[in-house]
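Below is one structure, written out as structure tokens, with a few remarks after it.
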Amino acid sequence: MMLNKKAHIALLGLSIVGAGLIFFPTRSFGLGISYDSVEYIAVANNILNGIGAIGFGGAHLVHQPLLYPAVLSALSYISGNDPSFSANWLNVLLFCATIYFTGLLLLRNLHSPLLAFIATAVMIVAIPLLKVYFMAWSEPLFITLTALYLLQVETYLTKKDRFSLSMLALVVGLAALTRYIGIVLILTGVISILFLRDGGFRERLFHAVLFTGFASFPIGINLVRNYIVSSTLFGSRSPSIFSLSQNLSFTTNSLFSWYLPNTIAQHRAALLLLGIMIGFLSGIRFKENWLQNKEIFTRLRSPLLFATAYIAFLIYSSTTTAYDQIGDRLLSPMFIPITLLIVTIGEVWLLGERGNFLNGRPNVLLRTLAACILTTLLWSRPIQVTPGLVKSISTQGWGYHSKSWRESETIGYLQQKFLQECALYTNAPEVLYYLTNLNAKFSPPKKKYNSPEQVSEISHLKGKWPAEDIACLVWFDKTRIDRSYLFSPDDLKQVSRIKLLTQTGDGAVYVVSKK
């Protein structure tokens with residue numbers, strides 16, 4: 001669809017509304033802050049101070065690529081603001097750009113401008129998008145780049161020129177430098193060049209080689225740097241505790257929760273019935289129009305390829321490697337391509353392959369049923385959940401920026417007492433670094449995070465922990481921090497002398513020494 005000036009203005013208006021939805025709720029408390037957020041902010045601060053890409057614990061950042069903290073440091077250098085403040089403005093701008101790019105995608109992909117604008121409006125209140133754009137994470141930058149990728153890959157497949165190829169390689173290179181799973185885009189880009197575009201095989205192969213080289217170069221440099229500083233490409237990794245069936249369940253549960261009311265999402269029988277209805281509708285629409293389905297495939301090819309490759313790689317890697325459990329955060333980049341697929345197929349049900357309203361009495365019922373299903377998929381969950389999300393971030397804050405953490409009794413005690421001379425151990429070193437400017441080490445771990453891999457037996461710590469003659473242990477209770485893979489104070493009493501210094505409403509501080 002050719003876009004006129006009015007369409008761009010309308011998209012810009014929706015984008016500004018989306019930017020406001022991030023800006024205004026975060027005015028009081030800022031973006032949500034988690035462990036990863038603290039690491040990114042610490043790296044950004046250390047880059048600004050000329051120390052390098054070093055995290056709050058003193059280690060080089062290798063478990064995540066460098067682009068996001070580098071962008072935070074650049075914005076902070078230009079504005080003179082703290083990286084956490086820069087992260088807030090960055091997310092506002094990124095959400096604005098994401099809405100705009102998604103709107104362009106929908107207008108290009110759909111025959112109906114009205115349906116495209118309705119679907120774009122859904123993006124503004126989308127649960128998985130808001131959950132990450134309200135946090136100081138790298139996902140917002142990655143999602144924005146994936147939306148731009150979906151635009152650019154179709155531009156290249158249409159124009160087939162070297163300039164559009166170079167722009168595609170640039171976007172993919174930046175995405176891979178934002179999150180390692182962005183390497184999937186290199187694979188989908190190569191597949192698109194070799195199999196989805198027209199032209200001679202020799203030219204397609206040449207473009208695929210050029211694309212691979214340029215798109216891989218930024219992350220290649222990052223991986224070489226990782227190996228130099230840590231002797232690993234992606235940081236030390238451990239096997240996962242999650243099985244393939246568990247990861248499949250986590251994935252489907254999250255995806256269903258984006259589009260379906262809880263009453264349907266939690267009942268397999270209802271999902272099966274919905275699937276049968278969608279399959280029946282699709283069969284009716286497509287049975288007599290096989291020749292025209294090539295046009296539909298052209299509209300669906302890029303989001304379908306991206307979604308399939310991303311989800312498959314995510315499930316595989318989460319089954320073999322320990323990291324966060326699959327949920328809304330890890331799947332959030334899928335909201336745009338999956339919604340694009342849903343809306344494109346929905347338009348075919350409603351309007352036909354060419355965007356013209358279907359005629360005839362039987363099709364009135366078909367259109368009504370399709371409209372009800374599409375409306376439910378797009379709007380049922382945002383209406384239920386989004387107001388609560390916005391209220392929570394605006395009145396209470398999220399993560400370590402929340403009102404609850406700012407009123408923590410343990411944090412208050414640490415801010416009042418002079419503990420800088422005491423070697424600190426804790427189950428939340430990022431909290432102490434971010435909220436009290438105290439540097440601390442993790443208390444001894446039993447196992448690796450989300451992994452069955454054993455780190456140490458408690459008996460092995462006797463006479464060895466703490467390494468210092470006297471140290472302090474700051475322990476937050478499970479209402480604050482639940483890291484069961486660490487030895488608890490009760491565990492450590494078996495091998496060390498532990499004396500309670502103070503008990504607070506949400507934790508305790510101990511003096512510890514070797515036995």
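The way I read the labels, and the way they are meant: chains A, B, ... in the order of the structure tokens, residue 1 as the first residue of every chain, and ligand 1 as the first ligand shown, with later ones counted on from there.
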>> Residues within 10 Å of segment 202-209 of chain A, please, as a list in words. Count only C-alpha atoms; anything in the same chain fewer than 4 positions from it doesn't count.
In response: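 Result of the neighbour search: Lys160, Asp161, Arg162, Leu165, Ser166, Ile186, Gly189, Val190, Ile191, Ser192, Ile193, Leu194, Phe195, Leu196, Arg197, Asp198, Gly213, Phe214 and Ala215 of chain A.
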Do you know which residues are at most 10 Å from segment 319-328 of chain A counting only C-alpha atoms, after dropping those on the same chain fewer than 2 positions away, and could you put them as a compact mmCIF listing (two decimals) with all heavy atoms, in the first residue's frame?
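Written file, selection33.txt:
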# COMPACT_ATOMS: atom_id res chain seq x y z
N ILE A 127 0.34 -5.78 26.30
CA ILE A 127 0.91 -6.19 27.59
C ILE A 127 2.39 -6.55 27.49
O ILE A 127 3.21 -6.01 28.26
CB ILE A 127 0.11 -7.39 28.16
CG1 ILE A 127 -1.35 -6.99 28.35
CG2 ILE A 127 0.71 -7.87 29.47
CD1 ILE A 127 -2.28 -8.17 28.50
N PRO A 128 2.80 -7.44 26.58
CA PRO A 128 4.22 -7.81 26.55
C PRO A 128 5.14 -6.67 26.18
O PRO A 128 6.29 -6.63 26.61
CB PRO A 128 4.29 -8.94 25.51
CG PRO A 128 3.07 -8.76 24.68
CD PRO A 128 2.03 -8.19 25.58
N LEU A 129 4.66 -5.71 25.38
CA LEU A 129 5.49 -4.56 25.04
C LEU A 129 5.64 -3.63 26.23
O LEU A 129 6.75 -3.20 26.57
CB LEU A 129 4.90 -3.81 23.85
CG LEU A 129 4.85 -4.55 22.51
CD1 LEU A 129 4.37 -3.62 21.41
CD2 LEU A 129 6.21 -5.14 22.15
N LYS A 131 5.38 -4.29 29.36
CA LYS A 131 6.14 -4.92 30.44
C LYS A 131 7.64 -4.74 30.27
O LYS A 131 8.37 -4.65 31.26
CB LYS A 131 5.82 -6.42 30.51
CG LYS A 131 4.52 -6.75 31.22
CD LYS A 131 4.34 -8.25 31.36
CE LYS A 131 3.09 -8.59 32.16
NZ LYS A 131 2.92 -10.05 32.30
N VAL A 132 8.13 -4.68 29.04
CA VAL A 132 9.56 -4.49 28.84
C VAL A 132 9.92 -3.02 28.63
O VAL A 132 11.01 -2.59 29.04
CB VAL A 132 10.09 -5.34 27.66
CG1 VAL A 132 9.95 -6.82 27.98
CG2 VAL A 132 9.41 -5.01 26.36
N ARG A 237 28.52 -20.74 30.75
CA ARG A 237 27.14 -21.20 30.67
C ARG A 237 27.02 -22.57 31.31
O ARG A 237 27.97 -23.35 31.36
CB ARG A 237 26.68 -21.28 29.21
CG ARG A 237 26.79 -19.95 28.46
CD ARG A 237 25.71 -18.97 28.83
NE ARG A 237 25.91 -17.68 28.20
CZ ARG A 237 24.98 -16.71 28.14
NH1 ARG A 237 23.78 -16.92 28.68
NH2 ARG A 237 25.25 -15.56 27.56
N SER A 238 25.80 -22.89 31.80
CA SER A 238 25.54 -24.15 32.48
C SER A 238 24.32 -24.81 31.86
O SER A 238 23.50 -24.15 31.21
CB SER A 238 25.29 -23.90 33.97
OG SER A 238 26.38 -23.23 34.56
N PRO A 239 24.16 -26.14 32.07
CA PRO A 239 22.96 -26.81 31.55
C PRO A 239 21.70 -26.32 32.25
O PRO A 239 21.75 -25.86 33.40
CB PRO A 239 23.23 -28.29 31.86
CG PRO A 239 24.25 -28.29 32.95
CD PRO A 239 25.09 -27.07 32.72
N SER A 240 20.58 -26.43 31.58
CA SER A 240 19.31 -25.91 32.09
C SER A 240 18.57 -26.95 32.92
O SER A 240 18.69 -28.16 32.69
CB SER A 240 18.43 -25.47 30.92
OG SER A 240 17.14 -25.09 31.35
N ILE A 241 17.78 -26.47 33.87
CA ILE A 241 16.91 -27.37 34.65
C ILE A 241 15.59 -27.61 33.92
O ILE A 241 14.82 -28.49 34.32
CB ILE A 241 16.60 -26.80 36.05
CG1 ILE A 241 15.87 -25.45 35.94
CG2 ILE A 241 17.85 -26.69 36.88
CD1 ILE A 241 15.37 -24.92 37.27
N PHE A 242 15.31 -26.84 32.87
CA PHE A 242 14.02 -26.94 32.19
C PHE A 242 14.10 -27.92 31.02
O PHE A 242 15.00 -27.85 30.19
CB PHE A 242 13.56 -25.57 31.69
CG PHE A 242 13.43 -24.55 32.78
CD1 PHE A 242 14.17 -23.37 32.75
CD2 PHE A 242 12.57 -24.75 33.84
CE1 PHE A 242 14.05 -22.43 33.74
CE2 PHE A 242 12.45 -23.81 34.86
CZ PHE A 242 13.19 -22.65 34.81
N SER A 243 13.11 -28.80 30.96
CA SER A 243 13.05 -29.78 29.87
C SER A 243 12.40 -29.16 28.63
O SER A 243 11.82 -28.07 28.70
CB SER A 243 12.25 -31.00 30.31
OG SER A 243 10.89 -30.65 30.52
N LEU A 244 12.47 -29.89 27.53
CA LEU A 244 11.85 -29.43 26.30
C LEU A 244 10.34 -29.26 26.48
O LEU A 244 9.77 -28.25 26.05
CB LEU A 244 12.14 -30.42 25.16
CG LEU A 244 11.47 -30.13 23.82
CD1 LEU A 244 11.90 -28.78 23.27
CD2 LEU A 244 11.77 -31.26 22.82
N SER A 245 9.70 -30.21 27.14
CA SER A 245 8.25 -30.12 27.33
C SER A 245 7.89 -28.94 28.22
O SER A 245 6.88 -28.26 27.98
CB SER A 245 7.71 -31.42 27.93
OG SER A 245 8.29 -31.66 29.21
N GLN A 246 8.70 -28.67 29.23
CA GLN A 246 8.44 -27.51 30.09
C GLN A 246 8.57 -26.21 29.30
O GLN A 246 7.73 -25.31 29.43
CB GLN A 246 9.41 -27.49 31.27
CG GLN A 246 9.12 -28.51 32.35
CD GLN A 246 10.15 -28.48 33.46
OE1 GLN A 246 11.35 -28.58 33.21
NE2 GLN A 246 9.69 -28.32 34.69
N ASN A 247 9.61 -26.11 28.48
CA ASN A 247 9.80 -24.88 27.71
C ASN A 247 8.71 -24.69 26.67
O ASN A 247 8.29 -23.56 26.39
CB ASN A 247 11.18 -24.90 27.04
CG ASN A 247 12.29 -24.60 28.02
OD1 ASN A 247 12.15 -23.74 28.89
ND2 ASN A 247 13.39 -25.31 27.90
N LEU A 248 8.24 -25.79 26.08
CA LEU A 248 7.10 -25.69 25.17
C LEU A 248 5.87 -25.17 25.90
O LEU A 248 5.12 -24.32 25.38
CB LEU A 248 6.81 -27.05 24.53
CG LEU A 248 7.80 -27.53 23.46
CD1 LEU A 248 7.53 -28.99 23.13
CD2 LEU A 248 7.70 -26.67 22.21
N SER A 249 5.67 -25.67 27.12
CA SER A 249 4.53 -25.23 27.92
C SER A 249 4.66 -23.76 28.32
O SER A 249 3.69 -22.99 28.22
CB SER A 249 4.40 -26.10 29.17
OG SER A 249 3.33 -25.69 29.99
N PHE A 250 5.86 -23.35 28.76
CA PHE A 250 6.08 -21.95 29.12
C PHE A 250 5.78 -21.04 27.93
O PHE A 250 5.16 -19.98 28.08
CB PHE A 250 7.53 -21.72 29.56
CG PHE A 250 7.94 -22.46 30.80
CD1 PHE A 250 9.26 -22.86 30.98
CD2 PHE A 250 7.03 -22.73 31.81
CE1 PHE A 250 9.66 -23.54 32.12
CE2 PHE A 250 7.41 -23.41 32.96
CZ PHE A 250 8.73 -23.81 33.11
N THR A 251 6.23 -21.46 26.76
CA THR A 251 6.06 -20.64 25.56
C THR A 251 4.60 -20.49 25.17
O THR A 251 4.10 -19.38 24.95
CB THR A 251 6.86 -21.25 24.38
OG1 THR A 251 8.24 -21.31 24.73
CG2 THR A 251 6.69 -20.41 23.13
N THR A 252 3.90 -21.62 25.09
CA THR A 252 2.49 -21.56 24.68
C THR A 252 1.65 -20.82 25.71
O THR A 252 0.76 -20.05 25.34
CB THR A 252 1.94 -22.97 24.46
OG1 THR A 252 2.16 -23.77 25.64
CG2 THR A 252 2.60 -23.64 23.28
N ASN A 253 1.94 -21.02 26.99
CA ASN A 253 1.17 -20.32 28.03
C ASN A 253 1.33 -18.81 27.91
O ASN A 253 0.35 -18.06 28.04
CB ASN A 253 1.61 -20.78 29.42
CG ASN A 253 1.15 -22.19 29.75
OD1 ASN A 253 0.25 -22.72 29.11
ND2 ASN A 253 1.77 -22.80 30.73
N SER A 254 2.55 -18.35 27.66
CA SER A 254 2.77 -16.91 27.52
C SER A 254 2.09 -16.35 26.28
O SER A 254 1.41 -15.32 26.34
CB SER A 254 4.28 -16.60 27.46
OG SER A 254 4.89 -16.77 28.71
N LEU A 255 2.24 -17.04 25.17
CA LEU A 255 1.63 -16.56 23.92
C LEU A 255 0.12 -16.52 24.02
O LEU A 255 -0.52 -15.55 23.59
CB LEU A 255 2.06 -17.43 22.75
CG LEU A 255 3.56 -17.42 22.40
CD1 LEU A 255 3.85 -18.36 21.23
CD2 LEU A 255 4.05 -16.01 22.08
N SER A 257 -1.60 -16.12 26.71
CA SER A 257 -2.00 -15.09 27.67
C SER A 257 -2.01 -13.70 27.06
O SER A 257 -2.63 -12.79 27.60
CB SER A 257 -1.07 -15.11 28.89
OG SER A 257 0.22 -14.62 28.57
N TRP A 258 -1.32 -13.51 25.93
CA TRP A 258 -1.31 -12.19 25.28
C TRP A 258 -2.62 -11.89 24.58
O TRP A 258 -3.01 -10.73 24.44
CB TRP A 258 -0.20 -12.12 24.23
CG TRP A 258 1.18 -12.20 24.78
CD1 TRP A 258 1.57 -12.17 26.11
CD2 TRP A 258 2.38 -12.34 24.01
NE1 TRP A 258 2.93 -12.29 26.19
CE2 TRP A 258 3.45 -12.38 24.94
CE3 TRP A 258 2.65 -12.42 22.65
CZ2 TRP A 258 4.78 -12.51 24.52
CZ3 TRP A 258 3.95 -12.55 22.24
CH2 TRP A 258 5.01 -12.59 23.17
N PHE A 313 14.61 -21.32 18.25
CA PHE A 313 15.93 -21.14 18.86
C PHE A 313 15.80 -20.87 20.35
O PHE A 313 16.61 -21.37 21.15
CB PHE A 313 16.68 -20.01 18.17
CG PHE A 313 18.09 -19.84 18.69
CD1 PHE A 313 19.10 -20.65 18.20
CD2 PHE A 313 18.39 -18.91 19.67
CE1 PHE A 313 20.40 -20.52 18.68
CE2 PHE A 313 19.68 -18.77 20.16
CZ PHE A 313 20.69 -19.57 19.66
N LEU A 314 14.81 -20.08 20.75
CA LEU A 314 14.61 -19.78 22.16
C LEU A 314 14.33 -21.06 22.96
O LEU A 314 14.91 -21.28 24.03
CB LEU A 314 13.48 -18.78 22.34
CG LEU A 314 13.14 -18.37 23.78
CD1 LEU A 314 14.32 -17.65 24.42
CD2 LEU A 314 11.90 -17.49 23.81
N ILE A 315 13.44 -21.89 22.45
CA ILE A 315 13.10 -23.14 23.14
C ILE A 315 14.31 -24.07 23.19
O ILE A 315 14.62 -24.66 24.24
CB ILE A 315 11.91 -23.82 22.45
CG1 ILE A 315 10.64 -22.99 22.65
CG2 ILE A 315 11.70 -25.24 22.99
CD1 ILE A 315 9.44 -23.50 21.86
N TYR A 316 15.03 -24.18 22.08
CA TYR A 316 16.21 -25.04 22.05
C TYR A 316 17.27 -24.56 23.04
O TYR A 316 17.80 -25.35 23.84
CB TYR A 316 16.80 -25.08 20.63
CG TYR A 316 18.16 -25.71 20.57
CD1 TYR A 316 18.31 -27.09 20.62
CD2 TYR A 316 19.31 -24.92 20.48
CE1 TYR A 316 19.58 -27.67 20.58
CE2 TYR A 316 20.58 -25.49 20.45
CZ TYR A 316 20.70 -26.86 20.50
OH TYR A 316 21.96 -27.43 20.47
N SER A 317 17.58 -23.28 23.00
CA SER A 317 18.64 -22.76 23.86
C SER A 317 18.25 -22.81 25.33
O SER A 317 19.10 -23.07 26.20
CB SER A 317 19.00 -21.32 23.45
OG SER A 317 17.88 -20.46 23.58
N LEU A 330 11.25 -12.73 27.50
CA LEU A 330 12.02 -13.34 26.43
C LEU A 330 11.21 -13.47 25.14
O LEU A 330 11.78 -13.46 24.04
CB LEU A 330 12.52 -14.72 26.87
CG LEU A 330 13.55 -14.74 28.01
CD1 LEU A 330 13.93 -16.16 28.36
CD2 LEU A 330 14.79 -13.93 27.63
N LEU A 331 9.90 -13.57 25.27
CA LEU A 331 9.05 -13.72 24.09
C LEU A 331 8.54 -12.38 23.54
O LEU A 331 7.93 -12.35 22.46
CB LEU A 331 7.85 -14.61 24.41
CG LEU A 331 8.14 -16.11 24.53
CD1 LEU A 331 6.96 -16.83 25.15
CD2 LEU A 331 8.48 -16.71 23.17
N SER A 332 8.78 -11.30 24.25
CA SER A 332 8.21 -10.01 23.85
C SER A 332 8.53 -9.59 22.41
O SER A 332 7.69 -8.97 21.75
CB SER A 332 8.64 -8.91 24.83
OG SER A 332 10.07 -8.82 24.90
N PRO A 333 9.73 -9.92 21.87
CA PRO A 333 9.97 -9.55 20.46
C PRO A 333 9.04 -10.25 19.48
O PRO A 333 8.98 -9.85 18.31
CB PRO A 333 11.43 -10.00 20.24
CG PRO A 333 12.05 -9.98 21.58
CD PRO A 333 10.97 -10.43 22.52
N MET A 334 8.31 -11.26 19.94
CA MET A 334 7.39 -11.98 19.06
C MET A 334 6.03 -11.31 18.94
O MET A 334 5.23 -11.68 18.08
CB MET A 334 7.18 -13.42 19.58
CG MET A 334 8.40 -14.31 19.43
SD MET A 334 8.81 -14.57 17.67
CE MET A 334 10.00 -13.25 17.38
N PHE A 335 5.73 -10.32 19.79
CA PHE A 335 4.39 -9.75 19.76
C PHE A 335 4.09 -9.08 18.42
O PHE A 335 2.99 -9.25 17.88
CB PHE A 335 4.19 -8.74 20.90
CG PHE A 335 2.79 -8.24 20.99
CD1 PHE A 335 1.81 -9.00 21.59
CD2 PHE A 335 2.43 -7.01 20.44
CE1 PHE A 335 0.49 -8.57 21.65
CE2 PHE A 335 1.12 -6.55 20.50
CZ PHE A 335 0.15 -7.34 21.12
N LYS A 448 24.39 -23.50 40.15
CA LYS A 448 24.30 -22.41 39.20
C LYS A 448 22.83 -22.01 39.03
O LYS A 448 21.92 -22.80 39.28
CB LYS A 448 24.87 -22.82 37.84
CG LYS A 448 26.36 -23.13 37.85
CD LYS A 448 27.17 -21.86 38.03
CE LYS A 448 28.67 -22.13 37.95
NZ LYS A 448 29.09 -22.52 36.60
N TYR A 449 22.61 -20.78 38.61
CA TYR A 449 21.26 -20.24 38.43
C TYR A 449 20.49 -21.05 37.39
O TYR A 449 20.96 -21.27 36.28
CB TYR A 449 21.36 -18.78 38.00
CG TYR A 449 20.06 -18.13 37.63
CD1 TYR A 449 19.06 -17.93 38.56
CD2 TYR A 449 19.82 -17.69 36.32
CE1 TYR A 449 17.86 -17.32 38.23
CE2 TYR A 449 18.64 -17.07 35.97
CZ TYR A 449 17.67 -16.90 36.93
OH TYR A 449 16.47 -16.29 36.59
N ASN A 450 19.28 -21.53 37.79
CA ASN A 450 18.40 -22.30 36.90
C ASN A 450 19.12 -23.48 36.26
O ASN A 450 18.87 -23.82 35.09
CB ASN A 450 17.78 -21.40 35.83
CG ASN A 450 16.55 -20.67 36.32
OD1 ASN A 450 16.01 -20.99 37.37
ND2 ASN A 450 16.09 -19.69 35.56
N SER A 451 20.00 -24.10 37.02
CA SER A 451 20.78 -25.22 36.49
C SER A 451 20.93 -26.30 37.57
O SER A 451 20.99 -25.98 38.76
CB SER A 451 22.16 -24.73 36.05
OG SER A 451 22.99 -25.81 35.66
N PRO A 452 21.03 -27.56 37.16
CA PRO A 452 21.30 -28.62 38.14
C PRO A 452 22.77 -28.73 38.50
O PRO A 452 23.14 -29.53 39.36
CB PRO A 452 20.82 -29.88 37.39
CG PRO A 452 21.08 -29.58 35.95
CD PRO A 452 20.80 -28.10 35.81
N GLU A 453 23.61 -27.94 37.85
CA GLU A 453 25.05 -28.05 38.05
C GLU A 453 25.44 -27.62 39.47
O GLU A 453 25.16 -26.48 39.89
CB GLU A 453 25.80 -27.20 37.03
CG GLU A 453 27.31 -27.32 37.10
CD GLU A 453 28.01 -26.52 36.02
OE1 GLU A 453 27.43 -26.41 34.91
OE2 GLU A 453 29.10 -26.01 36.27
>> Which residues are near segment 98-101 of chain A? Cut-off 6 Å, only C-alpha atoms, ignore same chain within fewer than 3 positions. Put them as a list of chain:residue names.
In response: A:Leu11, A:Ser15, A:Leu94, A:Phe95, A:Leu104, A:Thr144
> Which of segment 22-249 of chain A counts as alpha helix (DSSP H) under DSSP, as a VMD selection string please?
Replying inline: chain A and resid 22 to 23 35 to 48 67 to 79 83 to 109 113 to 124 127 to 133 139 to 159 162 to 176 183 to 191 201 to 230 244 to 249
> Quick one: distance from atom CA of Asp491 of chain A to atom CA of Ala467 of chain A in Å, one decimal?
Replying inline: 17.0 Å
> Can you tell me how far atom CA of Leu424 of chain A sits from atom CA of Ala440 of chain A, in Å to one decimal?
Replying inline: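 Those two atoms sit 4.7 Å apart.
Assigned to strand (DSSP E) in segment 397-470 of chain A, given DSSP computed from backbone atoms, are Ala423, Leu424, Tyr425, Thr426, Lys441, Phe442 and Ile470 of chain A.
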Grab the residues selected above and save them as a PDB file, in the first residue's frame with all heavy atoms.
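Final output, out_12.pdb:
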ATOM      1  N   ALA A 423      33.917  -6.229  54.778  1.00  0.00           N
ATOM      2  CA  ALA A 423      33.734  -6.979  53.530  1.00  0.00           C
ATOM      3  C   ALA A 423      32.313  -7.523  53.499  1.00  0.00           C
ATOM      4  O   ALA A 423      31.887  -8.206  54.434  1.00  0.00           O
ATOM      5  CB  ALA A 423      34.747  -8.107  53.446  1.00  0.00           C
ATOM      6  N   LEU A 424      31.584  -7.213  52.441  1.00  0.00           N
ATOM      7  CA  LEU A 424      30.156  -7.524  52.396  1.00  0.00           C
ATOM      8  C   LEU A 424      29.860  -8.713  51.493  1.00  0.00           C
ATOM      9  O   LEU A 424      30.389  -8.826  50.379  1.00  0.00           O
ATOM     10  CB  LEU A 424      29.368  -6.307  51.892  1.00  0.00           C
ATOM     11  CG  LEU A 424      29.304  -5.093  52.816  1.00  0.00           C
ATOM     12  CD1 LEU A 424      28.583  -3.941  52.118  1.00  0.00           C
ATOM     13  CD2 LEU A 424      28.596  -5.440  54.114  1.00  0.00           C
ATOM     14  N   TYR A 425      28.991  -9.588  52.002  1.00  0.00           N
ATOM     15  CA  TYR A 425      28.400 -10.668  51.209  1.00  0.00           C
ATOM     16  C   TYR A 425      26.889 -10.523  51.311  1.00  0.00           C
ATOM     17  O   TYR A 425      26.367 -10.033  52.312  1.00  0.00           O
ATOM     18  CB  TYR A 425      28.830 -12.042  51.734  1.00  0.00           C
ATOM     19  CG  TYR A 425      30.286 -12.357  51.520  1.00  0.00           C
ATOM     20  CD1 TYR A 425      31.250 -11.934  52.430  1.00  0.00           C
ATOM     21  CD2 TYR A 425      30.702 -13.082  50.406  1.00  0.00           C
ATOM     22  CE1 TYR A 425      32.596 -12.214  52.240  1.00  0.00           C
ATOM     23  CE2 TYR A 425      32.042 -13.381  50.210  1.00  0.00           C
ATOM     24  CZ  TYR A 425      32.984 -12.938  51.123  1.00  0.00           C
ATOM     25  OH  TYR A 425      34.317 -13.224  50.925  1.00  0.00           O
ATOM     26  N   THR A 426      26.183 -10.960  50.277  1.00  0.00           N
ATOM     27  CA  THR A 426      24.734 -10.788  50.275  1.00  0.00           C
ATOM     28  C   THR A 426      24.086 -11.699  49.229  1.00  0.00           C
ATOM     29  O   THR A 426      24.773 -12.202  48.336  1.00  0.00           O
ATOM     30  CB  THR A 426      24.348  -9.322  49.993  1.00  0.00           C
ATOM     31  OG1 THR A 426      22.930  -9.185  49.957  1.00  0.00           O
ATOM     32  CG2 THR A 426      24.914  -8.875  48.660  1.00  0.00           C
ATOM     33  N   LYS A 441      29.818  -9.011  47.472  1.00  0.00           N
ATOM     34  CA  LYS A 441      29.926 -10.239  46.702  1.00  0.00           C
ATOM     35  C   LYS A 441      28.694 -11.108  46.970  1.00  0.00           C
ATOM     36  O   LYS A 441      28.048 -10.976  48.007  1.00  0.00           O
ATOM     37  CB  LYS A 441      31.179 -11.011  47.110  1.00  0.00           C
ATOM     38  CG  LYS A 441      32.483 -10.256  46.936  1.00  0.00           C
ATOM     39  CD  LYS A 441      33.634 -11.089  47.485  1.00  0.00           C
ATOM     40  CE  LYS A 441      34.948 -10.316  47.428  1.00  0.00           C
ATOM     41  NZ  LYS A 441      36.060 -11.104  48.022  1.00  0.00           N
ATOM     42  N   PHE A 442      28.400 -11.992  46.022  1.00  0.00           N
ATOM     43  CA  PHE A 442      27.349 -12.971  46.252  1.00  0.00           C
ATOM     44  C   PHE A 442      27.744 -13.890  47.406  1.00  0.00           C
ATOM     45  O   PHE A 442      28.921 -14.282  47.523  1.00  0.00           O
ATOM     46  CB  PHE A 442      27.114 -13.828  45.010  1.00  0.00           C
ATOM     47  CG  PHE A 442      25.990 -13.355  44.140  1.00  0.00           C
ATOM     48  CD1 PHE A 442      26.237 -12.894  42.862  1.00  0.00           C
ATOM     49  CD2 PHE A 442      24.682 -13.385  44.601  1.00  0.00           C
ATOM     50  CE1 PHE A 442      25.201 -12.466  42.048  1.00  0.00           C
ATOM     51  CE2 PHE A 442      23.633 -12.956  43.798  1.00  0.00           C
ATOM     52  CZ  PHE A 442      23.889 -12.491  42.520  1.00  0.00           C
ATOM     53  N   ILE A 470      37.023 -11.250  59.074  1.00  0.00           N
ATOM     54  CA  ILE A 470      35.676 -10.873  59.515  1.00  0.00           C
ATOM     55  C   ILE A 470      34.958 -10.218  58.337  1.00  0.00           C
ATOM     56  O   ILE A 470      35.538  -9.417  57.606  1.00  0.00           O
ATOM     57  CB  ILE A 470      35.706  -9.904  60.716  1.00  0.00           C
ATOM     58  CG1 ILE A 470      36.366 -10.577  61.930  1.00  0.00           C
ATOM     59  CG2 ILE A 470      34.291  -9.457  61.075  1.00  0.00           C
ATOM     60  CD1 ILE A 470      36.461  -9.656  63.145  1.00  0.00           C
TER      61      ILE A 470
END
>> Let me make sure I understand: among A:Val184, A:Trp379, A:Ser37, A:Thr308, which one has the smallest atom-to-atom distance to Tyr400 of chain A if we use only C-alpha atoms?
In response: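 Ranking A:Val184, A:Trp379, A:Ser37, A:Thr308 by distance to Tyr400 of chain A, first place goes to A:Ser37.
Between atom CA of Asn45 of chain A and atom CA of Gly507 of chain A the interatomic distance comes to 28.9 Å.
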> Excluding same-chain residues fewer than 3 positions from Ser392 of chain A, what lies within 12 Å of it counting only C-alpha atoms, as a PyMOL selection string?
Replying inline: chain A and resi 25-26+28-29+31-32+130-131+134+385-389+395-399+402-404
>> Please list as JSON, numbers by chain every residue within 10 Å of Tyr433 of chain A, counting only C-alpha atoms and excluding residues in the same chain fewer than 6 positions away.
In response: {"A": [38, 39, 42, 56, 57, 439, 440]}
>> For Ser484 of chain A, find every residue with an atom within 10 Å (counting only C-alpha atoms), except residues of its own chain fewer than 4 positions away, and show them as number ranges by chain.
In response: A: 427, 445-447, 449-450, 478, 488
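With only C-alpha atoms as the atoms that count, the residue of A:Pro466, A:Gly173, A:Pro337, A:Gly80 with the shortest distance to Lys515 of chain A is A:Pro466.
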>> Please determine, counting only C-alpha atoms, which residue among A:Tyr149, A:Val348, A:Leu115, A:Ile228 has the shortest atom-to-atom distance to Thr375 of chain A.
In response: A:Leu115
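Using only C-alpha atoms, the nearest neighbour of Gly235 of chain A within the list A:Leu432, A:Ile296, A:Leu223, A:Leu93 is A:Leu223.
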> What lies within 10 Å of Thr479 of chain A using only C-alpha atoms, ignoring chain neighbours under 2 positions off, as an NGL selection string?
Replying inline: :A and (476-477 or 481-482 or 506-507)
